[in-house]
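Printed here is entry27.txt (compact mmCIF, C-alpha atoms and all ligand atoms):
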# COMPACT_ATOMS: atom_id res chain seq x y z
CA MET A 22 0.00 0.00 0.00
CA SER A 23 1.54 3.27 -1.04
CA THR A 24 1.17 6.38 -3.11
CA LEU A 25 2.21 5.75 -6.69
CA LEU A 26 2.99 8.42 -9.23
CA THR A 27 3.28 7.06 -12.76
CA ASN A 28 4.47 9.31 -15.58
CA VAL A 29 2.69 12.28 -14.08
CA CYS A 30 2.88 15.35 -16.34
CA LYS A 31 1.70 18.92 -15.96
CA GLN A 32 1.28 21.63 -18.52
CA TYR A 33 -0.46 24.83 -17.55
CA ASP A 34 -2.77 26.52 -20.01
CA GLN A 35 -0.02 28.54 -21.62
CA GLY A 36 1.49 25.24 -22.75
CA LYS A 37 4.61 25.41 -20.61
CA THR A 38 5.59 21.98 -19.32
CA VAL A 39 6.16 22.20 -15.60
CA LEU A 40 6.51 18.49 -14.86
CA LYS A 41 7.49 15.70 -17.21
CA ASN A 42 6.96 12.00 -16.47
CA VAL A 43 7.27 12.09 -12.72
CA THR A 44 7.35 8.52 -11.46
CA ALA A 45 7.78 7.59 -7.81
CA GLU A 46 6.60 5.25 -5.11
CA ILE A 47 5.95 6.82 -1.74
CA GLU A 48 5.76 4.12 0.87
CA THR A 49 3.12 4.10 3.58
CA GLY A 50 4.39 5.66 6.80
CA GLU A 51 7.47 7.28 5.34
CA PHE A 52 8.71 10.84 5.45
CA PHE A 53 9.06 11.74 1.78
CA VAL A 54 10.59 15.07 0.86
CA ILE A 55 10.22 16.79 -2.52
CA VAL A 56 13.03 19.28 -2.96
CA GLY A 57 14.29 21.52 -5.73
CA PRO A 58 14.97 25.13 -6.63
CA SER A 59 12.24 27.75 -6.78
CA GLY A 60 9.82 27.24 -9.65
CA CYS A 61 10.74 23.59 -10.36
CA GLY A 62 7.18 22.41 -9.79
CA LYS A 63 7.24 21.14 -6.19
CA SER A 64 3.98 22.80 -5.14
CA THR A 65 2.34 21.81 -8.40
CA LEU A 66 3.19 18.16 -7.75
CA LEU A 67 1.90 18.33 -4.20
CA ARG A 68 -1.32 20.01 -5.33
CA MET A 69 -1.81 17.29 -7.92
CA ILE A 70 -1.45 14.60 -5.23
CA ALA A 71 -3.97 16.54 -3.14
CA GLY A 72 -6.36 16.83 -6.06
CA LEU A 73 -6.31 20.64 -6.06
CA THR A 74 -4.64 20.79 -9.48
CA GLN A 75 -5.63 18.57 -12.38
CA ILE A 76 -2.87 16.39 -13.83
CA SER A 77 -2.29 16.66 -17.60
CA ASP A 78 -1.17 13.08 -18.10
CA GLY A 79 -0.17 10.00 -16.13
CA GLU A 80 -1.66 8.39 -13.07
CA ILE A 81 -1.74 8.92 -9.33
CA SER A 82 -2.89 6.07 -7.15
CA ILE A 83 -3.29 5.92 -3.39
CA ASP A 84 -3.46 2.51 -1.71
CA GLY A 85 -4.20 0.82 -4.99
CA GLN A 86 -6.95 3.19 -6.08
CA VAL A 87 -6.45 5.53 -9.04
CA VAL A 88 -7.38 8.98 -7.74
CA ASN A 89 -6.89 11.07 -10.89
CA ASN A 90 -10.51 12.13 -10.88
CA LEU A 91 -11.27 12.01 -7.18
CA PRO A 92 -11.94 15.34 -5.43
CA PRO A 93 -9.55 16.26 -2.56
CA LYS A 94 -12.04 15.33 0.16
CA ASP A 95 -12.21 11.73 -1.04
CA ARG A 96 -8.44 11.17 -1.04
CA ASN A 97 -8.09 10.67 2.71
CA LEU A 98 -5.35 13.23 3.04
CA THR A 99 -4.76 16.52 4.77
CA MET A 100 -2.64 19.50 3.83
CA VAL A 101 -0.58 22.10 5.67
CA PHE A 102 0.22 25.11 3.51
CA GLN A 103 2.91 27.78 3.68
CA SER A 104 0.28 30.30 4.77
CA TYR A 105 -1.30 27.90 7.34
CA ALA A 106 -4.74 28.80 5.93
CA LEU A 107 -6.35 29.41 9.34
CA PHE A 108 -9.72 31.05 9.74
CA PRO A 109 -9.02 34.44 11.38
CA PHE A 110 -12.35 34.72 13.26
CA LEU A 111 -12.30 31.21 14.71
CA SER A 112 -10.46 30.26 17.88
CA VAL A 113 -7.58 27.80 17.81
CA TRP A 114 -9.96 25.07 18.99
CA ASP A 115 -12.55 25.81 16.32
CA ASN A 116 -9.90 26.01 13.63
CA VAL A 117 -8.78 22.50 14.48
CA ALA A 118 -12.37 21.26 14.73
CA PHE A 119 -13.55 22.85 11.49
CA GLY A 120 -12.72 20.04 9.08
CA LEU A 121 -14.09 17.40 11.44
CA LYS A 122 -17.40 19.20 11.89
CA ALA A 123 -17.65 19.66 8.15
CA ARG A 124 -17.23 15.92 7.79
CA LYS A 125 -20.08 15.41 10.22
CA HIS A 126 -18.28 13.54 12.96
CA ASP A 127 -20.37 13.44 16.14
CA GLN A 128 -19.73 16.04 18.85
CA SER A 129 -17.99 13.83 21.42
CA GLU A 130 -15.63 12.42 18.81
CA VAL A 131 -14.79 15.91 17.53
CA GLU A 132 -14.02 17.03 21.08
CA GLU A 133 -11.82 14.09 21.81
CA ARG A 134 -9.84 14.38 18.59
CA VAL A 135 -9.36 18.15 18.84
CA ASN A 136 -8.27 17.99 22.48
CA ASN A 137 -5.84 15.18 21.74
CA ALA A 138 -4.40 17.00 18.75
CA LEU A 139 -3.94 20.25 20.70
CA LYS A 140 -2.23 18.31 23.47
CA MET A 141 0.10 16.68 21.01
CA VAL A 142 1.32 20.01 19.65
CA ASN A 143 1.35 21.72 23.07
CA LEU A 144 -1.38 24.23 22.36
CA GLU A 145 -3.95 23.31 25.02
CA ASP A 146 -3.38 26.56 26.92
CA LEU A 147 -3.95 28.70 23.83
CA LYS A 148 -7.09 26.96 22.58
CA ASP A 149 -9.32 30.04 22.96
CA ARG A 150 -7.05 32.48 21.17
CA LYS A 151 -7.58 33.77 17.66
CA PRO A 152 -4.85 33.21 15.04
CA ARG A 153 -3.80 36.90 15.18
CA GLU A 154 -2.93 36.44 18.84
CA LEU A 155 -0.42 33.71 18.04
CA SER A 156 3.21 33.72 16.90
CA GLY A 157 4.14 32.24 13.53
CA GLY A 158 5.33 29.04 15.18
CA GLN A 159 2.11 28.67 17.15
CA ARG A 160 0.01 29.21 14.02
CA GLN A 161 2.07 26.58 12.36
CA ARG A 162 1.24 24.20 15.20
CA VAL A 163 -2.48 24.89 14.80
CA ALA A 164 -2.18 23.84 11.19
CA LEU A 165 -0.35 20.73 12.33
CA ALA A 166 -2.98 19.99 14.95
CA ARG A 167 -5.61 20.16 12.25
CA ALA A 168 -3.70 17.56 10.28
CA VAL A 169 -3.29 15.38 13.36
CA ALA A 170 -6.99 15.62 14.30
CA SER A 171 -8.18 14.72 10.84
CA ASP A 172 -6.87 11.17 11.18
CA ALA A 173 -5.98 11.15 7.49
CA LYS A 174 -3.37 8.62 6.51
CA ILE A 175 -1.41 11.02 4.32
CA CYS A 176 -0.37 14.52 5.25
CA LEU A 177 0.96 16.95 2.64
CA MET A 178 3.05 19.91 3.74
CA ASP A 179 4.16 22.76 1.51
CA GLU A 180 7.15 24.62 2.97
CA PRO A 181 5.48 24.67 6.39
CA SER A 182 8.39 26.34 8.14
CA SER A 183 9.29 28.91 5.51
CA ASN A 184 7.79 31.83 7.47
CA LEU A 185 9.65 31.06 10.67
CA ASP A 186 12.97 32.40 11.89
CA ALA A 187 16.01 30.14 11.83
CA GLN A 188 15.76 28.84 15.40
CA LEU A 189 12.05 28.21 15.24
CA ARG A 190 12.52 26.41 11.95
CA ILE A 191 14.84 23.92 13.60
CA LYS A 192 12.41 23.40 16.47
CA MET A 193 9.45 23.04 14.12
CA ARG A 194 11.39 20.60 11.99
CA GLN A 195 12.04 18.44 15.05
CA GLU A 196 8.40 18.62 16.11
CA ILE A 197 7.11 17.68 12.69
CA TYR A 198 9.57 14.82 12.49
CA ALA A 199 8.63 13.54 15.95
CA LEU A 200 4.92 13.81 15.18
CA GLN A 201 5.28 11.97 11.91
CA ARG A 202 7.09 9.15 13.67
CA LYS A 203 4.60 9.07 16.54
CA LEU A 204 1.51 9.04 14.32
CA GLY A 205 3.00 6.77 11.68
CA ILE A 206 1.39 8.80 8.90
CA THR A 207 2.80 9.18 5.41
CA LEU A 208 4.21 12.67 5.20
CA ILE A 209 4.92 14.26 1.84
CA TYR A 210 6.84 17.42 2.50
CA VAL A 211 7.87 20.12 0.03
CA THR A 212 10.86 22.34 0.64
CA HIS A 213 13.55 24.20 -1.28
CA ASP A 214 15.88 23.80 1.68
CA GLN A 215 18.42 21.02 1.21
CA VAL A 216 19.22 20.87 4.93
CA GLU A 217 15.56 20.27 5.76
CA ALA A 218 15.43 17.53 3.14
CA MET A 219 18.60 15.86 4.38
CA THR A 220 17.68 15.93 8.06
CA MET A 221 14.09 14.73 7.90
CA ALA A 222 13.56 12.49 4.92
CA ASP A 223 13.40 8.76 4.60
CA HIS A 224 13.51 9.37 0.85
CA ILE A 225 14.13 12.54 -1.12
CA MET A 226 12.89 13.36 -4.61
CA VAL A 227 15.03 15.99 -6.32
CA LEU A 228 13.17 17.98 -8.96
CA HIS A 229 14.79 20.26 -11.52
CA ASP A 230 14.22 21.19 -15.12
CA SER A 231 10.69 19.67 -15.09
CA LYS A 232 12.12 16.26 -14.29
CA VAL A 233 12.93 13.98 -11.38
CA GLN A 234 16.71 14.08 -11.09
CA GLN A 235 16.96 11.39 -8.44
CA ILE A 236 15.03 9.64 -5.70
CA GLY A 237 16.98 8.16 -2.83
CA THR A 238 17.80 8.16 0.84
CA PRO A 239 19.68 11.24 2.08
CA ALA A 240 22.91 9.21 2.15
CA GLU A 241 22.43 7.95 -1.42
CA ILE A 242 21.65 11.43 -2.69
CA TYR A 243 24.68 12.94 -0.99
CA LYS A 244 27.23 10.22 -1.60
CA THR A 245 26.12 8.93 -4.97
CA PRO A 246 24.33 11.83 -6.68
CA ALA A 247 22.93 10.93 -10.09
CA ASN A 248 24.35 13.99 -11.77
CA GLU A 249 26.13 17.30 -11.38
CA PHE A 250 22.94 19.14 -10.46
CA VAL A 251 22.14 16.86 -7.52
CA ALA A 252 25.76 16.93 -6.37
CA GLY A 253 25.68 20.73 -6.40
CA PHE A 254 22.32 21.05 -4.66
CA PHE A 255 23.32 19.28 -1.45
CA GLY A 256 26.20 20.38 0.75
CA VAL A 257 27.40 23.68 2.19
CA PRO A 258 29.60 25.10 0.81
CA PRO A 259 28.60 23.37 -2.42
CA ILE A 260 30.76 20.76 -4.10
CA ASN A 261 33.52 22.17 -6.33
CA ILE A 262 33.15 21.22 -9.97
CA LEU A 263 36.34 21.37 -12.01
CA TYR A 264 37.35 20.13 -15.45
CA ALA A 265 39.70 17.16 -15.63
CA THR A 266 41.50 15.10 -18.25
CA LYS A 267 42.42 11.46 -18.17
CA ILE A 268 46.17 10.88 -17.95
CA SER A 269 46.15 7.12 -17.47
CA ASP A 270 43.60 4.38 -16.80
CA LYS A 271 43.39 5.30 -13.16
CA ALA A 272 44.57 8.89 -12.96
CA ILE A 273 43.24 12.30 -13.93
CA ARG A 274 44.70 15.79 -14.04
CA VAL A 275 42.33 18.26 -12.44
CA ASN A 276 42.05 21.85 -13.61
CA ASN A 277 45.14 21.25 -15.79
CA ASP A 278 46.98 21.32 -12.52
CA PHE A 279 47.12 18.57 -9.91
CA GLN A 280 46.90 14.84 -10.33
CA VAL A 281 44.42 12.56 -8.61
CA ASP A 282 45.08 8.80 -8.57
CA LEU A 283 41.76 7.00 -8.57
CA ASP A 284 40.70 3.60 -7.37
CA GLN A 285 38.59 3.10 -10.46
CA THR A 286 39.22 3.02 -14.18
CA VAL A 287 38.25 6.08 -16.18
CA THR A 288 36.99 5.75 -19.72
CA GLU A 289 36.23 9.37 -20.63
CA LYS A 290 39.11 11.47 -21.93
CA GLU A 291 37.55 14.70 -20.79
CA LEU A 292 35.41 14.84 -17.69
CA LYS A 293 34.28 16.98 -14.83
CA VAL A 294 35.27 16.19 -11.31
CA GLY A 295 33.25 17.03 -8.20
CA ILE A 296 35.28 17.58 -5.06
CA ARG A 297 33.55 18.31 -1.74
CA PRO A 298 35.22 21.18 0.15
CA ASN A 299 36.42 18.80 2.86
CA GLU A 300 38.23 16.63 0.30
CA LEU A 301 40.45 19.45 -0.94
CA VAL A 302 43.90 19.62 0.60
CA VAL A 303 45.27 23.13 1.17
CA GLU A 304 48.97 23.70 1.90
CA LYS A 305 51.13 26.75 2.27
CA ALA A 306 53.34 27.29 -0.77
CA ASP A 307 55.94 29.62 -2.18
CA GLU A 308 55.32 31.48 -5.41
CA LEU A 309 56.87 28.73 -7.50
CA SER A 310 54.94 25.79 -6.16
CA ALA A 311 51.66 27.65 -5.58
CA ASN A 312 48.70 26.96 -7.85
CA ALA A 313 46.12 29.17 -6.12
CA THR A 314 45.60 32.30 -4.05
CA VAL A 315 43.45 32.73 -0.95
CA GLN A 316 40.57 35.17 -1.52
CA ASN A 317 38.82 34.94 1.79
CA VAL A 318 38.74 32.88 4.97
CA GLU A 319 35.63 32.31 7.08
CA PHE A 320 35.93 31.08 10.65
CA LEU A 321 33.13 28.67 11.58
CA GLY A 322 34.26 27.57 15.02
CA ASP A 323 35.42 23.99 14.53
CA GLU A 324 36.66 24.65 11.02
CA LYS A 325 37.38 27.34 8.47
CA ILE A 326 36.33 27.78 4.89
CA VAL A 327 39.09 28.93 2.57
CA TYR A 328 37.83 30.53 -0.65
CA ALA A 329 40.58 30.43 -3.25
CA THR A 330 41.20 31.14 -6.91
CA PHE A 331 43.39 28.95 -9.09
CA SER A 332 45.97 30.60 -11.37
CA ASN A 333 43.56 30.08 -14.29
CA GLY A 334 40.78 31.95 -12.46
CA ASN A 335 38.64 28.98 -11.36
CA GLU A 336 37.25 29.38 -7.86
CA VAL A 337 37.00 26.73 -5.16
CA SER A 338 36.12 26.49 -1.51
CA ALA A 339 37.92 24.22 0.91
CA ILE A 340 37.25 23.26 4.50
CA VAL A 341 40.35 23.29 6.71
CA PRO A 342 40.81 22.77 10.46
CA SER A 343 40.17 25.88 12.53
CA ASP A 344 43.79 26.02 13.72
CA ALA A 345 45.13 26.21 10.15
CA HIS A 346 46.12 29.77 9.40
CA PHE A 347 45.77 31.32 5.96
CA ASP A 348 45.82 35.00 5.05
CA MET A 349 44.02 36.77 2.26
CA PHE A 350 46.02 36.75 -0.98
CA GLU A 351 48.42 34.16 0.41
CA ASN A 352 49.92 31.70 -2.10
CA ILE A 353 48.72 28.15 -1.54
CA LYS A 354 48.90 24.75 -3.13
CA ILE A 355 45.62 22.93 -3.56
CA SER A 356 45.25 19.24 -4.29
CA SER A 357 42.65 16.67 -3.34
CA THR A 358 42.09 13.25 -1.85
CA ASN A 359 40.86 10.59 -4.25
CA ASN A 360 37.37 10.68 -2.78
CA VAL A 361 35.98 12.58 -5.73
CA LEU A 362 32.97 12.26 -8.01
CA LEU A 363 33.39 11.91 -11.75
CA PHE A 364 30.90 13.31 -14.23
CA ASN A 365 30.87 12.95 -18.00
CA GLN A 366 30.55 15.98 -20.26
CA ASP A 367 26.75 15.85 -19.86
CA GLY A 368 27.02 16.02 -16.09
CA ILE A 369 26.03 12.38 -15.50
CA ASN A 370 27.77 10.69 -12.58
CA VAL A 371 30.19 8.08 -13.95
CA THR A 372 31.91 7.33 -10.66
CA ALA A 373 32.11 3.60 -10.00
CA ASN A 374 29.17 2.59 -7.83
CA ARG A 375 30.32 2.73 -4.24
CA GLU A 376 27.60 0.95 -2.26
CA ASP A 377 29.97 0.84 0.68
CA LEU A 378 29.99 4.62 0.79
CA ILE A 379 26.26 4.94 1.25
CA ASN A 380 26.12 3.21 4.60
CA ALA A 381 29.50 4.45 5.80
N1 LIG B 401 -1.80 28.23 -11.97
C1 LIG B 401 -0.70 28.36 -12.71
N2 LIG B 401 -0.78 28.75 -14.02
C2 LIG B 401 0.32 28.85 -14.79
N3 LIG B 401 1.57 28.59 -14.35
C3 LIG B 401 1.72 28.20 -13.08
C4 LIG B 401 0.59 28.07 -12.18
N4 LIG B 401 1.05 27.66 -10.98
C5 LIG B 401 2.41 27.55 -11.10
N5 LIG B 401 2.81 27.87 -12.36
C6 LIG B 401 4.18 27.83 -12.88
O1 LIG B 401 4.66 26.50 -12.75
C7 LIG B 401 6.02 26.49 -12.35
C8 LIG B 401 6.15 25.66 -11.07
O2 LIG B 401 5.51 26.33 -10.01
P1 LIG B 401 5.45 25.74 -8.55
O3 LIG B 401 4.76 26.70 -7.67
O4 LIG B 401 4.93 24.35 -8.62
O5 LIG B 401 7.01 25.67 -8.19
P2 LIG B 401 7.74 25.48 -6.80
O6 LIG B 401 8.88 24.57 -7.08
O7 LIG B 401 6.77 25.07 -5.76
O8 LIG B 401 8.27 26.95 -6.51
P3 LIG B 401 8.57 27.72 -5.13
O9 LIG B 401 9.66 26.95 -4.43
O10 LIG B 401 9.05 29.05 -5.61
O11 LIG B 401 7.29 27.76 -4.35
C9 LIG B 401 6.45 27.94 -12.21
O12 LIG B 401 7.12 28.30 -13.38
C10 LIG B 401 5.15 28.67 -12.04
O13 LIG B 401 5.26 29.97 -12.58
Spell out the structure here as structure tokens.
Ligand SMILES: Nc1ncnc2c1ncn2[C@@H]1O[C@H](COP(=O)(O)OP(=O)(O)OP(=O)(O)O)[C@@H](O)[C@H]1O
Amino acid sequence: MSTLLTNVCKQYDQGKTVLKNVTAEIETGEFFVIVGPSGCGKSTLLRMIAGLTQISDGEISIDGQVVNNLPPKDRNLTMVFQSYALFPFLSVWDNVAFGLKARKHDQSEVEERVNNALKMVNLEDLKDRKPRELSGGQRQRVALARAVASDAKICLMDEPSSNLDAQLRIKMRQEIYALQRKLGITLIYVTHDQVEAMTMADHIMVLHDSKVQQIGTPAEIYKTPANEFVAGFFGVPPINILYATKISDKAIRVNNDFQVDLDQTVTEKELKVGIRPNELVVEKADELSANATVQNVEFLGDEKIVYATFSNGNEVSAIVPSDAHFDMFENIKISSTNNVLLFNQDGINVTANREDLINA
């Protein structure tokens, strides 16, 4: 039993294709995150699952039933939007009860469910307030309580923490995660924030360019990204992408500069190499041996980020220990470990499959 998307497509009236052949299986009870840059179609996909937006082609089925033509109320799901969509003139309690009353549950059941839901999100004390008397985080929790009270098996959330400040976002994230685990519901969660995706998901769908780029666990997505886009989307600072040429079966020259000996055979003559900032090796160097110059250094506490420019102008960022000292405009020598990702000219990951990496 699961939610199945099969070749789901969306074109809006103007003919622009927003989503092309989206296929995925969302397992019952999992935390499934849809992530991608602004405008890639995340909300559209969520709204199509909800039944609020018509799909142009393909099939959506929930627990074995094709729901393409079912109205939202018959899909047994609930939705939490960016804007929370609370009724301003109703109290917290009535906001949570609204959907249940509309569905004609009897009074004692409504009371029990609403009280339980408010307890679960710690809002019992504020049940008589109006939404305007609540903070953003509290409003968010009302929306959550509504989802909890509805008893739907699938909950859809569209950037639910986007209006909150950084600290509250982290707290909210933890609460949503804990609730999802406690209730055992299927949660389909849209965000543009890669950290949110990485920290909460059982599986992540990465959308870009109207297409699914990859679906996988956070570890799979990070360690074995399908292509250059996915590699670049996850990780702060982002992965460095540099050009490389093959110099022997198992060695490449990166940026026409330093050599990396690989533990796999390379077939492409020309390729791109992805090097995470923590895999770059930065050393002090004199003018002769230097291949790069420091542009900036950021202190992060336990480590530093060195932003540098190679002699040919290409920029990279490297993570170094916080006790390593580098000055602006200092000459340095940059090389890398052999834990790199290889991409062909089209940006497709051609690194040998490293299953061992995923669970490391
Ligand atoms: N009702 C509509 N009519 C026409 N085009 C639309 C409509 N809704 C969305 N779009 C377009 O579809 C594309 C995807 O929009 P969507 O809101 O799904 O993206 P998103 O990934 O959720 O973006 P964001 O992260 O900025 O919220 C955008 O180019 C948007 O302009």
Report as a list in words which protein, DNA and RNA residues come within 7 Å of ligand LIG 401 (chain B), using all atoms listed in the file.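 For ligand LIG 401 (chain B), the residues inside 7 Å are Tyr33, Asp34, Gln35, Val39, Gly57, Pro58, Ser59, Gly60, Cys61, Gly62, Lys63, Ser64, Thr65, Leu66, Thr212 and His213 of chain A.
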What's around segment 267-278 of chain A at 8 Å? Count all atoms listed in the file, leave out sequence neighbours fewer than 4 positions away in its own chain, and write the answer as a ChimeraX atom specification. /A:263,282-292,294,312
Between A:Thr358, A:Gln32, A:Thr238, A:Gln75, which residue has the minimum interatomic distance to Met226 of chain A, considering only C-alpha atoms? A:Thr238
Counting all atoms listed in the file, the residue of A:Gly50, A:Pro298, A:Gly368, A:Gly158 that sits nearest Val142 of chain A: A:Gly158
Length of the atom CA of Asn28 of chain A to atom CA of Lys41 of chain A vector [Å]: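 Taking atom CA of Asn28 of chain A and atom CA of Lys41 of chain A, their separation equals 7.3 Å.
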Distance criterion (all atoms listed in the file): nearest to Val216 of chain A out of A:Val101, A:Pro258, A:Arg134, A:Asp78: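 Closest residue, counting all atoms listed in the file: A:Pro258.
Comparing the minimum interatomic distances between Glu308 of chain A and each of A:Phe119, A:Tyr328, A:Phe350, A:Phe279, counting only C-alpha atoms, we find that A:Phe350 sits nearest.
Residue nearest Thr372 of chain A within the list A:Ser23, A:Thr74, A:Asn248, A:Ser357: A:Asn248 [criterion: smallest interatomic distance, all atoms listed in the file].
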Interatomic distance between atom CA of Thr24 of chain A and atom CA of Ile47 of chain A?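 If I compute the distance from atom CA of Thr24 of chain A to atom CA of Ile47 of chain A, I get 5.0 Å.
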List the neighbours of Val88 of chain A out to 12 Å using all atoms listed in the file; skip same-chain residues closer than 6 positions along the sequence, and give me the result as a list in words.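 Contacts, with the query itself left out: Thr24, Leu25, Leu26, Thr27, Met69, Ile70, Ala71, Gly72, Leu73, Gln75, Ile76, Gly79, Glu80, Ile81, Ser82, Lys94, Asp95, Arg96, Asn97 and Leu98 of chain A.
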With C-alpha atoms kept, could you save the residues just selected as a PDB file, in the coordinates of the input?
ATOM      1  CA  THR A  24       1.170   6.380  -3.110  1.00  0.00           C
ATOM      2  CA  LEU A  25       2.210   5.750  -6.690  1.00  0.00           C
ATOM      3  CA  LEU A  26       2.990   8.420  -9.230  1.00  0.00           C
ATOM      4  CA  THR A  27       3.280   7.060 -12.760  1.00  0.00           C
ATOM      5  CA  MET A  69      -1.810  17.290  -7.920  1.00  0.00           C
ATOM      6  CA  ILE A  70      -1.450  14.600  -5.230  1.00  0.00           C
ATOM      7  CA  ALA A  71      -3.970  16.540  -3.140  1.00  0.00           C
ATOM      8  CA  GLY A  72      -6.360  16.830  -6.060  1.00  0.00           C
ATOM      9  CA  LEU A  73      -6.310  20.640  -6.060  1.00  0.00           C
ATOM     10  CA  GLN A  75      -5.630  18.570 -12.380  1.00  0.00           C
ATOM     11  CA  ILE A  76      -2.870  16.390 -13.830  1.00  0.00           C
ATOM     12  CA  GLY A  79      -0.170  10.000 -16.130  1.00  0.00           C
ATOM     13  CA  GLU A  80      -1.660   8.390 -13.070  1.00  0.00           C
ATOM     14  CA  ILE A  81      -1.740   8.920  -9.330  1.00  0.00           C
ATOM     15  CA  SER A  82      -2.890   6.070  -7.150  1.00  0.00           C
ATOM     16  CA  LYS A  94     -12.040  15.330   0.160  1.00  0.00           C
ATOM     17  CA  ASP A  95     -12.210  11.730  -1.040  1.00  0.00           C
ATOM     18  CA  ARG A  96      -8.440  11.170  -1.040  1.00  0.00           C
ATOM     19  CA  ASN A  97      -8.090  10.670   2.710  1.00  0.00           C
ATOM     20  CA  LEU A  98      -5.350  13.230   3.040  1.00  0.00           C
TER      21      LEU A  98
END
Residues within 10 Å of (19.5, 6.9, -9.0), file coordinates, counting all atoms listed in the file: what are they? Give the list as a PDB file with C-alpha atoms, in the frame of the given file.
ATOM      1  CA  VAL A 233      12.930  13.980 -11.380  1.00  0.00           C
ATOM      2  CA  GLN A 234      16.710  14.080 -11.090  1.00  0.00           C
ATOM      3  CA  GLN A 235      16.960  11.390  -8.440  1.00  0.00           C
ATOM      4  CA  ILE A 236      15.030   9.640  -5.700  1.00  0.00           C
ATOM      5  CA  GLY A 237      16.980   8.160  -2.830  1.00  0.00           C
ATOM      6  CA  GLU A 241      22.430   7.950  -1.420  1.00  0.00           C
ATOM      7  CA  ILE A 242      21.650  11.430  -2.690  1.00  0.00           C
ATOM      8  CA  THR A 245      26.120   8.930  -4.970  1.00  0.00           C
ATOM      9  CA  PRO A 246      24.330  11.830  -6.680  1.00  0.00           C
ATOM     10  CA  ALA A 247      22.930  10.930 -10.090  1.00  0.00           C
ATOM     11  CA  ASN A 248      24.350  13.990 -11.770  1.00  0.00           C
ATOM     12  CA  ASN A 370      27.770  10.690 -12.580  1.00  0.00           C
TER      13      ASN A 370
END
Shell of 12 Å around Tyr198 of chain A, all atoms listed in the file, local chain residues under 6 positions omitted, as a PyMOL selection string: chain A and resi 50-54+165+190-192+204-210+217-218+220-223
